[in-house]
Amino acid sequence: MVPEGRRLFPSLTVEENLLMGTLSGRQGAWNLARVFKLFPILQEKRYMPSTSLSGGQQQMVAIGRALMSNPRLLLCDEISLGLAPVVIREIYAALPSIVEEGMSLLIVEQDVQLAMQVSSRVVCLQEGLVSLEGKSGELTRDQISKAYFGI
Amino acid sequence: MTEIILQGLLLGGLYALFALGQSLMFGVMRLTNTAQGDFIILGGFFAISMVAATGLSAGWGLLVIIPIAYLAGYALQRFVLNGTLGRDPLPSLVVTFGLSIIIQNLLLEIYSADPRSLEVGNIALASFSLSDITIGVLPLLTFGIAVFATICLQALFSYTSLGRSFRAVSDDREAAQLMGLKPAIVYAQATGIAFMLIALAGGLQAMRTTIAPSDGPMLLLFAFEAVIIGGMGSFWGTLVGALLLGLTQQIGFRLDPGWGIWFGHLMFLVVLVIRPQGLFPKTRG
C-alpha cells in the first residue's frame, strides 16, 4: 500500500523507512537491494532523513517501502499528487519492472492520459459507482469524458 | 569548587535515572506520567520488600525486580494507559494523577509513614579520595548506571528494529499500523522499558537515602525538570538536563542548606523563559 501523501516516517532515515515494510514478514523477491536497483537515488541517500528528500524521491521511498512487504497486489493512491511532470514520468517509468514479476498494481490516478498509458485495464468511478470499465487500449477519450462528466 | 561540580554531577546522575523513563514514555506516546515519582518510590519499597523476603543482597534484589517491573509496566500500559491515549492529553494526565494518589495511599497503608531505606552494607558509606576530593562509591556507581542507561536507550532507539518501531509509532501511528505494527503492543513495550528504569531509580534512591510514601511528587518534579530542560524526547538531552539540575542544586546547597532545591527550580524557570523548547529538542511538531 502506497498511501496518499506518502506518509513517510519523518524521524526515520530512508533505509529505516524501507525496512518498516518488512515488518509484515512476508517473503518474496523484494528486498533492500532490489529497491535500490529500481530507484538508485535511494541507495545514495539511504542514511539521510526521509524529510530531506524531494517529493519525488519521497514517493520512491513510499513505493519501495510498500514493495518491501512483498504484496501480491500493490495499491498506489495518487502517487503523482503534487509532483512535477518530469518526476511523475520518472516514477511511472519504474512501474513496468514491478509488474514484470507477476505483482498486480492498482493505481488511483487523476491524470487520465497517464492512467491509460500505464495500465492494462481502466475503471472509472463516479460517486462510488463504476461508470466505465474496459481495456485501456480500447477505450476512447470521449467515452471517458462521458463517463466522468456525463456529457 | 571542583568538589561542588563533581557532587552535583553525581547527584544529577540519579536524577537522570528518575527522568529517563519519563522521557521515553513521552517520546514514544506523548504520555506525561504524573505518577512517575510515585512509581519510583513504589519501586524502592518493592526492592526493600524483595530483599527482606528473599534475603538477597540489595544489588541482586534490584536485578530481580527489574524484569518484574518490565512486566508490570507492560501490563499497566496495555490494560490501563492505552485506553487513555488520544488527541486529548487530559485523560492520561487524570488517570496517572489518580494512580499517583492510589500508590501513595497504598504505600502508606502497607509501610506506614516511616522512612525506610535499602540496606547495602559498606558500599553505602564507602568512598575514595582523589587528591583532596572524596567521592562516594555508590553515587559514582549510580552515575555510571545513568550514563550506561542513556547509551543503551539511545542505541536501542537508533539501531534496533524495536527502536525503529518506537519512532515510527511516535511519528505517525496510522502509517505504522499500515506497516503491520500494533501500537498497543509497541506502547506497552515502551512503558515496560520505562518501568525497568523506574525500578532501578527507585532501588538506587532507597540505597542512597531513605524513602517515604509521600516522596513521589518531589521526584516527579525533578524528573519533569530534567526532561524539559534537556528537551522533550531526547535521551542525551535528558541526561544533560538532569546533570545541570543536580549541579545547580548542589551549588544552592553550598550557598545555604535550604536553597538547593529552590536553586534547581530557579534554573528550570530560567531555561523555560530563555529556551522553552529545552536545550536539545528532538521532538518533531
# chains A, B, ... in the order shown; residues from 1 in each chain; ligands from 1
$ residues_around --residues "stretch 193-206 of chain B" --least-positions-apart "4" --cutoff "8 Å" --atoms "only C-alpha atoms" --output "number ranges by chain"
B: 14, 17-18, 20-22, 24-25, 36, 39-45, 47-48, 62, 65-67, 69-70, 72-73, 116-118, 142, 189, 210-211
$ interface_residues --of "chain B" --to "chain A" --cutoff "6 Å" --atoms "only C-alpha atoms" --output "NGL selection string"
:B and (168 or 171 or 179-180)
$ closest_atom_pairs --of "stretch 87-154 of chain B" --to "stretch 236-250 of chain B" --cutoff "12 Å" --atoms "only C-alpha atoms" --output "CSV"
residue,atom,partner,partner_atom,distance
B:Phe143,CA,B:Leu243,CA,9.6
B:Gly144,CA,B:Leu239,CA,11.7
B:Ile145,CA,B:Leu239,CA,11.6
B:Ala146,CA,B:Leu239,CA,7.9
B:Val147,CA,B:Leu239,CA,7.6
B:Phe148,CA,B:Leu239,CA,10.7
B:Ala149,CA,B:Leu239,CA,9.8
B:Thr150,CA,B:Trp236,CA,6.7
B:Ile151,CA,B:Trp236,CA,8.2
B:Cys152,CA,B:Trp236,CA,11.0
B:Leu153,CA,B:Trp236,CA,9.5
B:Gln154,CA,B:Trp236,CA,7.8
$ closest_residue --among "A:Gly55, A:Lys37, A:Tyr148, A:Gly128" --to "A:Pro85" --atoms "only C-alpha atoms"
A:Gly55
$ decode --residues "stretch 16-54 of chain A" --atoms "C-alpha atoms" --output "PDB file, in the first residue's frame"
ATOM      1  CA  GLU A  16      14.790   2.680   8.019  1.00  0.00           C
ATOM      2  CA  ASN A  17      11.611   3.735   6.273  1.00  0.00           C
ATOM      3  CA  LEU A  18      12.134   0.995   3.711  1.00  0.00           C
ATOM      4  CA  LEU A  19      12.790  -1.546   6.453  1.00  0.00           C
ATOM      5  CA  MET A  20       9.445  -0.722   8.029  1.00  0.00           C
ATOM      6  CA  GLY A  21       7.940  -2.557   5.078  1.00  0.00           C
ATOM      7  CA  THR A  22       9.499  -5.821   6.189  1.00  0.00           C
ATOM      8  CA  LEU A  23       7.512  -5.922   9.425  1.00  0.00           C
ATOM      9  CA  SER A  24       4.734  -7.870   7.775  1.00  0.00           C
ATOM     10  CA  GLY A  25       7.199 -10.756   7.487  1.00  0.00           C
ATOM     11  CA  ARG A  26       6.144 -11.924   4.016  1.00  0.00           C
ATOM     12  CA  GLN A  27       8.939 -13.482   1.995  1.00  0.00           C
ATOM     13  CA  GLY A  28       9.415 -12.610  -1.636  1.00  0.00           C
ATOM     14  CA  ALA A  29      11.560 -11.185  -4.356  1.00  0.00           C
ATOM     15  CA  TRP A  30      11.732  -7.678  -2.976  1.00  0.00           C
ATOM     16  CA  ASN A  31      14.441  -6.600  -0.560  1.00  0.00           C
ATOM     17  CA  LEU A  32      16.634  -3.574   0.031  1.00  0.00           C
ATOM     18  CA  ALA A  33      18.950  -4.440  -2.849  1.00  0.00           C
ATOM     19  CA  ARG A  34      16.070  -4.779  -5.329  1.00  0.00           C
ATOM     20  CA  VAL A  35      14.523  -1.472  -4.259  1.00  0.00           C
ATOM     21  CA  PHE A  36      17.891   0.265  -4.570  1.00  0.00           C
ATOM     22  CA  LYS A  37      18.263  -1.186  -8.048  1.00  0.00           C
ATOM     23  CA  LEU A  38      14.843   0.127  -9.006  1.00  0.00           C
ATOM     24  CA  PHE A  39      15.496   3.586  -7.540  1.00  0.00           C
ATOM     25  CA  PRO A  40      19.306   4.033  -7.446  1.00  0.00           C
ATOM     26  CA  ILE A  41      18.986   7.511  -5.953  1.00  0.00           C
ATOM     27  CA  LEU A  42      17.664   5.946  -2.736  1.00  0.00           C
ATOM     28  CA  GLN A  43      20.863   3.975  -2.279  1.00  0.00           C
ATOM     29  CA  GLU A  44      22.820   7.201  -2.445  1.00  0.00           C
ATOM     30  CA  LYS A  45      20.586   8.767   0.198  1.00  0.00           C
ATOM     31  CA  ARG A  46      19.929   5.719   2.323  1.00  0.00           C
ATOM     32  CA  TYR A  47      21.259   7.243   5.550  1.00  0.00           C
ATOM     33  CA  MET A  48      19.608  10.628   5.093  1.00  0.00           C
ATOM     34  CA  PRO A  49      16.463  11.590   6.977  1.00  0.00           C
ATOM     35  CA  SER A  50      13.445  10.942   4.783  1.00  0.00           C
ATOM     36  CA  THR A  51      12.331  14.549   5.179  1.00  0.00           C
ATOM     37  CA  SER A  52      15.447  15.816   3.404  1.00  0.00           C
ATOM     38  CA  LEU A  53      14.410  14.193   0.126  1.00  0.00           C
ATOM     39  CA  SER A  54      12.498  15.845  -2.708  1.00  0.00           C
TER      40      SER A  54
END
